[in-house]
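Shown next: coords22.pdb, given as PDB, C-alpha atoms and all ligand atoms.
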```
MODEL        1
ATOM      1  CA  MET J  43      23.556  -2.227  13.249  1.00  0.00           C
ATOM      2  CA  ALA J  44      22.014   0.728  11.440  1.00  0.00           C
ATOM      3  CA  LEU J  45      20.330  -0.118   8.181  1.00  0.00           C
ATOM      4  CA  ASP J  46      21.214   1.808   5.055  1.00  0.00           C
ATOM      5  CA  TYR J  47      17.990   3.576   4.018  1.00  0.00           C
ATOM      6  CA  SER J  48      17.667   5.640   0.864  1.00  0.00           C
ATOM      7  CA  GLN J  49      16.864   9.352   1.058  1.00  0.00           C
ATOM      8  CA  LYS J  50      13.429   8.594  -0.332  1.00  0.00           C
ATOM      9  CA  VAL J  51      12.669   6.070   2.406  1.00  0.00           C
ATOM     10  CA  MET J  52      13.760   8.596   5.029  1.00  0.00           C
ATOM     11  CA  ASP J  53      11.653  11.329   3.379  1.00  0.00           C
ATOM     12  CA  HIS J  54       8.490   9.204   3.139  1.00  0.00           C
ATOM     13  CA  PHE J  55       8.996   7.973   6.695  1.00  0.00           C
ATOM     14  CA  ALA J  56       9.521  11.480   8.110  1.00  0.00           C
ATOM     15  CA  ASN J  57       6.836  13.121   5.913  1.00  0.00           C
ATOM     16  CA  PRO J  58       4.412  10.379   4.941  1.00  0.00           C
ATOM     17  CA  ARG J  59       1.892  11.345   2.241  1.00  0.00           C
ATOM     18  CA  ASN J  60      -1.820  10.475   2.459  1.00  0.00           C
ATOM     19  CA  VAL J  61      -1.966   9.550   6.140  1.00  0.00           C
ATOM     20  CA  GLY J  62      -5.475   9.223   7.536  1.00  0.00           C
ATOM     21  CA  GLU J  63      -8.840   7.657   6.906  1.00  0.00           C
ATOM     22  CA  ILE J  64     -11.647   8.198   4.398  1.00  0.00           C
ATOM     23  CA  ALA J  65     -14.978   8.078   6.234  1.00  0.00           C
ATOM     24  CA  ASP J  66     -17.078   7.127   3.196  1.00  0.00           C
ATOM     25  CA  ALA J  67     -14.432   5.002   1.485  1.00  0.00           C
ATOM     26  CA  ASP J  68     -15.460   2.833  -1.475  1.00  0.00           C
ATOM     27  CA  GLY J  69     -12.948   0.193  -0.480  1.00  0.00           C
ATOM     28  CA  VAL J  70     -11.075  -0.562   2.738  1.00  0.00           C
ATOM     29  CA  GLY J  71      -8.374  -3.171   3.108  1.00  0.00           C
ATOM     30  CA  GLU J  72      -6.027  -4.357   5.796  1.00  0.00           C
ATOM     31  CA  ALA J  73      -2.903  -6.465   5.772  1.00  0.00           C
ATOM     32  CA  GLY J  74      -0.771  -7.668   8.619  1.00  0.00           C
ATOM     33  CA  ASN J  75       2.553  -9.348   8.967  1.00  0.00           C
ATOM     34  CA  PRO J  76       2.203 -12.130  11.536  1.00  0.00           C
ATOM     35  CA  LYS J  77       5.976 -12.183  12.188  1.00  0.00           C
ATOM     36  CA  CYS J  78       6.447  -8.565  13.265  1.00  0.00           C
ATOM     37  CA  GLY J  79       2.804  -7.765  14.061  1.00  0.00           C
ATOM     38  CA  ASP J  80       2.781  -4.675  11.845  1.00  0.00           C
ATOM     39  CA  ILE J  81      -0.546  -3.689  10.287  1.00  0.00           C
ATOM     40  CA  MET J  82      -1.447  -1.492   7.335  1.00  0.00           C
ATOM     41  CA  LYS J  83      -4.904  -0.207   6.451  1.00  0.00           C
ATOM     42  CA  ILE J  84      -5.794   1.418   3.113  1.00  0.00           C
ATOM     43  CA  TYR J  85      -8.886   3.487   2.229  1.00  0.00           C
ATOM     44  CA  LEU J  86      -9.907   4.146  -1.386  1.00  0.00           C
ATOM     45  CA  LYS J  87     -12.251   6.683  -2.914  1.00  0.00           C
ATOM     46  CA  VAL J  88     -13.130   5.536  -6.430  1.00  0.00           C
ATOM     47  CA  ASN J  89     -15.181   7.552  -8.944  1.00  0.00           C
ATOM     48  CA  ASP J  90     -17.761   6.213 -11.416  1.00  0.00           C
ATOM     49  CA  ALA J  91     -15.069   5.778 -14.077  1.00  0.00           C
ATOM     50  CA  GLY J  92     -13.156   3.409 -11.793  1.00  0.00           C
ATOM     51  CA  VAL J  93     -10.396   5.937 -11.094  1.00  0.00           C
ATOM     52  CA  ILE J  94      -8.914   6.196  -7.607  1.00  0.00           C
ATOM     53  CA  GLU J  95      -9.559   9.809  -6.700  1.00  0.00           C
ATOM     54  CA  ASP J  96      -8.277   9.638  -3.159  1.00  0.00           C
ATOM     55  CA  VAL J  97      -6.403   7.177  -1.013  1.00  0.00           C
ATOM     56  CA  LYS J  98      -5.355   7.279   2.627  1.00  0.00           C
ATOM     57  CA  PHE J  99      -3.504   4.910   4.901  1.00  0.00           C
ATOM     58  CA  LYS J 100      -2.928   4.113   8.535  1.00  0.00           C
ATOM     59  CA  THR J 101       0.073   1.987   9.330  1.00  0.00           C
ATOM     60  CA  PHE J 102       1.137   0.670  12.690  1.00  0.00           C
ATOM     61  CA  GLY J 103       4.557  -0.472  11.723  1.00  0.00           C
ATOM     62  CA  CYS J 104       8.211   0.061  11.057  1.00  0.00           C
ATOM     63  CA  ALA J 105       9.815   2.868   9.067  1.00  0.00           C
ATOM     64  CA  SER J 106       9.919   0.769   5.891  1.00  0.00           C
ATOM     65  CA  ALA J 107       6.230  -0.106   6.199  1.00  0.00           C
ATOM     66  CA  ILE J 108       5.298   3.560   6.647  1.00  0.00           C
ATOM     67  CA  ALA J 109       7.499   4.662   3.737  1.00  0.00           C
ATOM     68  CA  SER J 110       6.060   1.839   1.593  1.00  0.00           C
ATOM     69  CA  SER J 111       2.472   2.865   2.450  1.00  0.00           C
ATOM     70  CA  SER J 112       3.207   6.478   1.639  1.00  0.00           C
ATOM     71  CA  MET J 113       4.859   5.674  -1.696  1.00  0.00           C
ATOM     72  CA  ALA J 114       2.225   3.085  -2.647  1.00  0.00           C
ATOM     73  CA  THR J 115      -0.625   5.556  -2.073  1.00  0.00           C
ATOM     74  CA  GLU J 116       1.179   8.116  -4.229  1.00  0.00           C
ATOM     75  CA  LEU J 117       1.632   5.525  -6.975  1.00  0.00           C
ATOM     76  CA  ILE J 118      -2.033   4.471  -7.157  1.00  0.00           C
ATOM     77  CA  LYS J 119      -3.661   7.881  -6.792  1.00  0.00           C
ATOM     78  CA  GLY J 120      -5.196   8.836 -10.149  1.00  0.00           C
ATOM     79  CA  LYS J 121      -4.864   5.292 -11.485  1.00  0.00           C
ATOM     80  CA  THR J 122      -7.747   3.017 -12.424  1.00  0.00           C
ATOM     81  CA  VAL J 123      -8.584   0.159 -10.086  1.00  0.00           C
ATOM     82  CA  ASP J 124      -7.177  -2.276 -12.678  1.00  0.00           C
ATOM     83  CA  GLU J 125      -3.897  -0.371 -12.948  1.00  0.00           C
ATOM     84  CA  ALA J 126      -3.670  -0.185  -9.166  1.00  0.00           C
ATOM     85  CA  TRP J 127      -4.084  -3.959  -8.910  1.00  0.00           C
ATOM     86  CA  ASP J 128      -0.858  -4.419 -10.898  1.00  0.00           C
ATOM     87  CA  LEU J 129       1.270  -2.446  -8.436  1.00  0.00           C
ATOM     88  CA  THR J 130       3.773  -4.884  -6.974  1.00  0.00           C
ATOM     89  CA  ASN J 131       5.691  -4.529  -3.743  1.00  0.00           C
ATOM     90  CA  ARG J 132       8.879  -4.572  -5.824  1.00  0.00           C
ATOM     91  CA  ALA J 133       7.693  -1.531  -7.785  1.00  0.00           C
ATOM     92  CA  VAL J 134       6.992   0.224  -4.471  1.00  0.00           C
ATOM     93  CA  ALA J 135      10.478  -0.631  -3.218  1.00  0.00           C
ATOM     94  CA  GLU J 136      12.045   0.522  -6.503  1.00  0.00           C
ATOM     95  CA  ALA J 137      10.174   3.823  -6.326  1.00  0.00           C
ATOM     96  CA  LEU J 138      11.752   4.269  -2.872  1.00  0.00           C
ATOM     97  CA  ASP J 139      15.190   3.694  -4.451  1.00  0.00           C
ATOM     98  CA  GLY J 140      15.299   0.305  -2.793  1.00  0.00           C
ATOM     99  CA  LEU J 141      14.795  -1.180   0.653  1.00  0.00           C
ATOM    100  CA  PRO J 142      17.388  -3.139   2.619  1.00  0.00           C
ATOM    101  CA  PRO J 143      16.884  -6.840   1.726  1.00  0.00           C
ATOM    102  CA  ILE J 144      15.675  -7.754   5.208  1.00  0.00           C
ATOM    103  CA  LYS J 145      13.050  -5.009   4.916  1.00  0.00           C
ATOM    104  CA  MET J 146      11.596  -6.044   1.546  1.00  0.00           C
ATOM    105  CA  HIS J 147       8.802  -7.912   3.325  1.00  0.00           C
ATOM    106  CA  CYS J 148       7.569  -4.588   4.720  1.00  0.00           C
ATOM    107  CA  SER J 149       6.655  -3.467   1.194  1.00  0.00           C
ATOM    108  CA  VAL J 150       4.548  -6.622   0.798  1.00  0.00           C
ATOM    109  CA  LEU J 151       2.104  -5.154   3.310  1.00  0.00           C
ATOM    110  CA  ALA J 152       1.390  -2.299   0.873  1.00  0.00           C
ATOM    111  CA  GLU J 153       0.653  -4.642  -2.022  1.00  0.00           C
ATOM    112  CA  GLU J 154      -1.549  -6.856   0.136  1.00  0.00           C
ATOM    113  CA  ALA J 155      -3.458  -3.997   1.772  1.00  0.00           C
ATOM    114  CA  ILE J 156      -4.138  -2.402  -1.632  1.00  0.00           C
ATOM    115  CA  HIS J 157      -5.336  -5.744  -2.988  1.00  0.00           C
ATOM    116  CA  ALA J 158      -7.620  -6.177   0.022  1.00  0.00           C
ATOM    117  CA  ALA J 159      -9.046  -2.655  -0.463  1.00  0.00           C
ATOM    118  CA  LEU J 160      -9.552  -3.236  -4.200  1.00  0.00           C
ATOM    119  CA  ASN J 161     -11.302  -6.533  -3.511  1.00  0.00           C
ATOM    120  CA  ASP J 162     -13.525  -4.814  -0.953  1.00  0.00           C
ATOM    121  CA  TYR J 163     -14.398  -2.264  -3.645  1.00  0.00           C
ATOM    122  CA  ARG J 164     -15.038  -5.048  -6.166  1.00  0.00           C
ATOM    123  CA  ALA J 165     -17.267  -6.997  -3.762  1.00  0.00           C
ATOM    124  CA  LYS J 166     -19.299  -3.861  -3.013  1.00  0.00           C
ATOM    125  CA  HIS J 167     -19.789  -3.275  -6.740  1.00  0.00           C
ATOM    126  CA  GLY J 168     -20.867  -6.786  -7.668  1.00  0.00           C
ATOM    127  CA  MET J 169     -17.537  -7.716  -9.247  1.00  0.00           C
ATOM    128  CA  ALA J 170     -15.726 -10.978  -8.676  1.00  0.00           C
ATOM    129  CA  VAL J 171     -13.103 -10.883  -5.955  1.00  0.00           C
ATOM    130  CA  ILE J 172      -9.616 -11.645  -7.307  1.00  0.00           C
ATOM    131  CA  PRO J 173      -7.776 -14.438  -5.504  1.00  0.00           C
ATOM    132  CA  THR J 174      -4.480 -13.368  -3.966  1.00  0.00           C
ATOM    133  CA  GLU J 175      -1.451 -15.274  -2.864  1.00  0.00           C
ATOM    134  CA  LYS J 176       0.606 -14.558   0.195  1.00  0.00           C
ATOM    135  CA  HIS J 177       4.221 -13.945  -0.579  1.00  0.00           C
ATOM    136  CA  GLU J 178       7.267 -13.090   1.464  1.00  0.00           C
ATOM    137  CA  ASP J 179       8.774 -10.329  -0.661  1.00  0.00           C
TER     138      ASP J 179
HETATM  139 FE1  LIG T   1       7.073  -5.366  10.139  1.00  0.00          FE
HETATM  140 FE2  LIG T   1       8.518  -3.809   8.615  1.00  0.00          FE
HETATM  141  S1  LIG T   1       9.195  -4.951  10.308  1.00  0.00           S
HETATM  142  S2  LIG T   1       6.476  -4.402   8.341  1.00  0.00           S
ENDMDL
END
```
Kindly present the structure from the file in structure tokens form.
Amino acid sequence: MALDYSQKVMDHFANPRNVGEIADADGVGEAGNPKCGDIMKIYLKVNDAGVIEDVKFKTFGCASAIASSSMATELIKGKTVDEAWDLTNRAVAEALDGLPPIKMHCSVLAEEAIHAALNDYRAKHGMAVIPTEKHED
């Protein structure tokens, strides 16, 4: 059965923004979904004011995971690290005009990978790492 994807999901899947790596990233984070085996990696470049100047991703995953990575990187670029922390997977899905319910968990990878990258940045800068909870969607 074909899933009903929004135009935005199709656009971000076909033309994902911010694909790649940042060699001298200030924070790198990875998240994986043990059920499907999909993996997302996020690289952050953060300036002295704590603003995310650049962000790239590499995702080995389904169309929804790639679209979620692309949208999530667009949403946190130019934000402070604190603002970026508050980005939820639901906000990513909403910005994509929704994901099919059985694909909501794919957007969780984006939230978790960003949190992991932000915590990597925090640890490297002597800040306390923020505890995270695993959630399904
Ligand atoms: Fe694994 Fe979408 S099916 S992230």
(message) On this structure, the PyMOL selection byres (((chain J and resi 154-171) around 7) and not hetatm) would catch which residues? List them as a VMD selection string, sorted by chain and number.
(response) chain J and resid 68 to 73 82 to 86 123 127 150 to 153 172 to 173
How would the residues just chosen look if you wrote them out with C-alpha atoms as a compact mmCIF listing (two decimals), in the coordinates of the input?
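And here's result02.txt as it stands now:
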```
# COMPACT_ATOMS: atom_id res chain seq x y z
CA ASP J 68 -15.46 2.83 -1.48
CA GLY J 69 -12.95 0.19 -0.48
CA VAL J 70 -11.08 -0.56 2.74
CA GLY J 71 -8.37 -3.17 3.11
CA GLU J 72 -6.03 -4.36 5.80
CA ALA J 73 -2.90 -6.46 5.77
CA MET J 82 -1.45 -1.49 7.34
CA LYS J 83 -4.90 -0.21 6.45
CA ILE J 84 -5.79 1.42 3.11
CA TYR J 85 -8.89 3.49 2.23
CA LEU J 86 -9.91 4.15 -1.39
CA VAL J 123 -8.58 0.16 -10.09
CA TRP J 127 -4.08 -3.96 -8.91
CA VAL J 150 4.55 -6.62 0.80
CA LEU J 151 2.10 -5.15 3.31
CA ALA J 152 1.39 -2.30 0.87
CA GLU J 153 0.65 -4.64 -2.02
CA ILE J 172 -9.62 -11.64 -7.31
CA PRO J 173 -7.78 -14.44 -5.50
```
(request) Kindly work out which residues sit at most 8 Å from ligand LIG 1 (chain T), using all atoms listed in the file, and give the list as a VMD selection string. (result) chain J and resid 74 to 75 77 to 81 103 to 107 145 147 to 149 151
(message) Calculated over only C-alpha atoms, which of the candidates J:Lys121, J:Ser110, J:Pro76, J:Thr174 has the smallest distance to Lys50 of chain J?
(response)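 Checking each candidate against Lys50 of chain J, we get J:Ser110 as the closest.
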(request) Quick one: everything within 9 Å of Leu129 of chain J, counting all atoms listed in the file, minus sequence neighbours fewer than 2 positions away in the same chain. Send it as a VMD selection string. (result) chain J and resid 114 117 to 118 125 to 127 131 to 134 153 156
(message) With distances taken over only C-alpha atoms, which residue among J:Ser48, J:Thr130, J:Ser112, J:Asn60 lies nearest Asp96 of chain J?
(response)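 For Asp96 of chain J, the nearest of the candidates is J:Asn60.
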(request) Work out how far atom CA of Val88 of chain J is from atom CA of Asp124 of chain J, in Å to one decimal. (result)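 About the pair atom CA of Asp124 of chain J and atom CA of Val88 of chain J: they are 11.6 Å apart.
Atom pair atom CA of Gly120 of chain J / atom CA of Gly92 of chain J has a distance of 9.8 Å (rounded to one decimal).
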(message) Let me make sure I understand: among J:Val61, J:Glu175, J:Ala109, J:Thr122, which one has the smallest atom-to-atom distance to Val97 of chain J if we use all atoms listed in the file?
(response)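 Closest to Val97 of chain J, using all atoms listed in the file: J:Val61.
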(request) Work out how far atom CA of Met113 of chain J is from atom CA of His54 of chain J, in Å to one decimal. (result)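 The value is 7.0 Å.
Comparing J:Ile108, J:Met146, J:Ala65, J:Lys119 by their smallest distance to Asn89 of chain J, the closest is J:Lys119 (using all atoms listed in the file).
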Which residues would end up in the selection if the PyMOL selection byres (((chain J and resi 45) around 10) and not hetatm) were applied here, given that I need the answer as a PDB file with C-alpha atoms, in the frame of the given file?
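Generated file (selection-v2.pdb):
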```pdb
ATOM      1  CA  MET J  43      23.556  -2.227  13.249  1.00  0.00           C
ATOM      2  CA  ALA J  44      22.014   0.728  11.440  1.00  0.00           C
ATOM      3  CA  ASP J  46      21.214   1.808   5.055  1.00  0.00           C
ATOM      4  CA  TYR J  47      17.990   3.576   4.018  1.00  0.00           C
ATOM      5  CA  SER J  48      17.667   5.640   0.864  1.00  0.00           C
ATOM      6  CA  LEU J 141      14.795  -1.180   0.653  1.00  0.00           C
ATOM      7  CA  PRO J 142      17.388  -3.139   2.619  1.00  0.00           C
ATOM      8  CA  PRO J 143      16.884  -6.840   1.726  1.00  0.00           C
ATOM      9  CA  ILE J 144      15.675  -7.754   5.208  1.00  0.00           C
ATOM     10  CA  LYS J 145      13.050  -5.009   4.916  1.00  0.00           C
TER      11      LYS J 145
END
```
(message) Using only C-alpha atoms for the distances, tell me which of J:Met52, J:Phe99, J:His177, J:Ile94 is nearest to Ile64 of chain J.
(response)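 Closest candidate: J:Phe99.
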(request) May I ask which of the residues J:Ala135, J:Lys176, J:Ser111, J:Asp128 is the closest one to Phe55 of chain J, counting all atoms listed in the file? (result)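 Comparing J:Ala135, J:Lys176, J:Ser111, J:Asp128 against Phe55 of chain J, the winner is J:Ser111.
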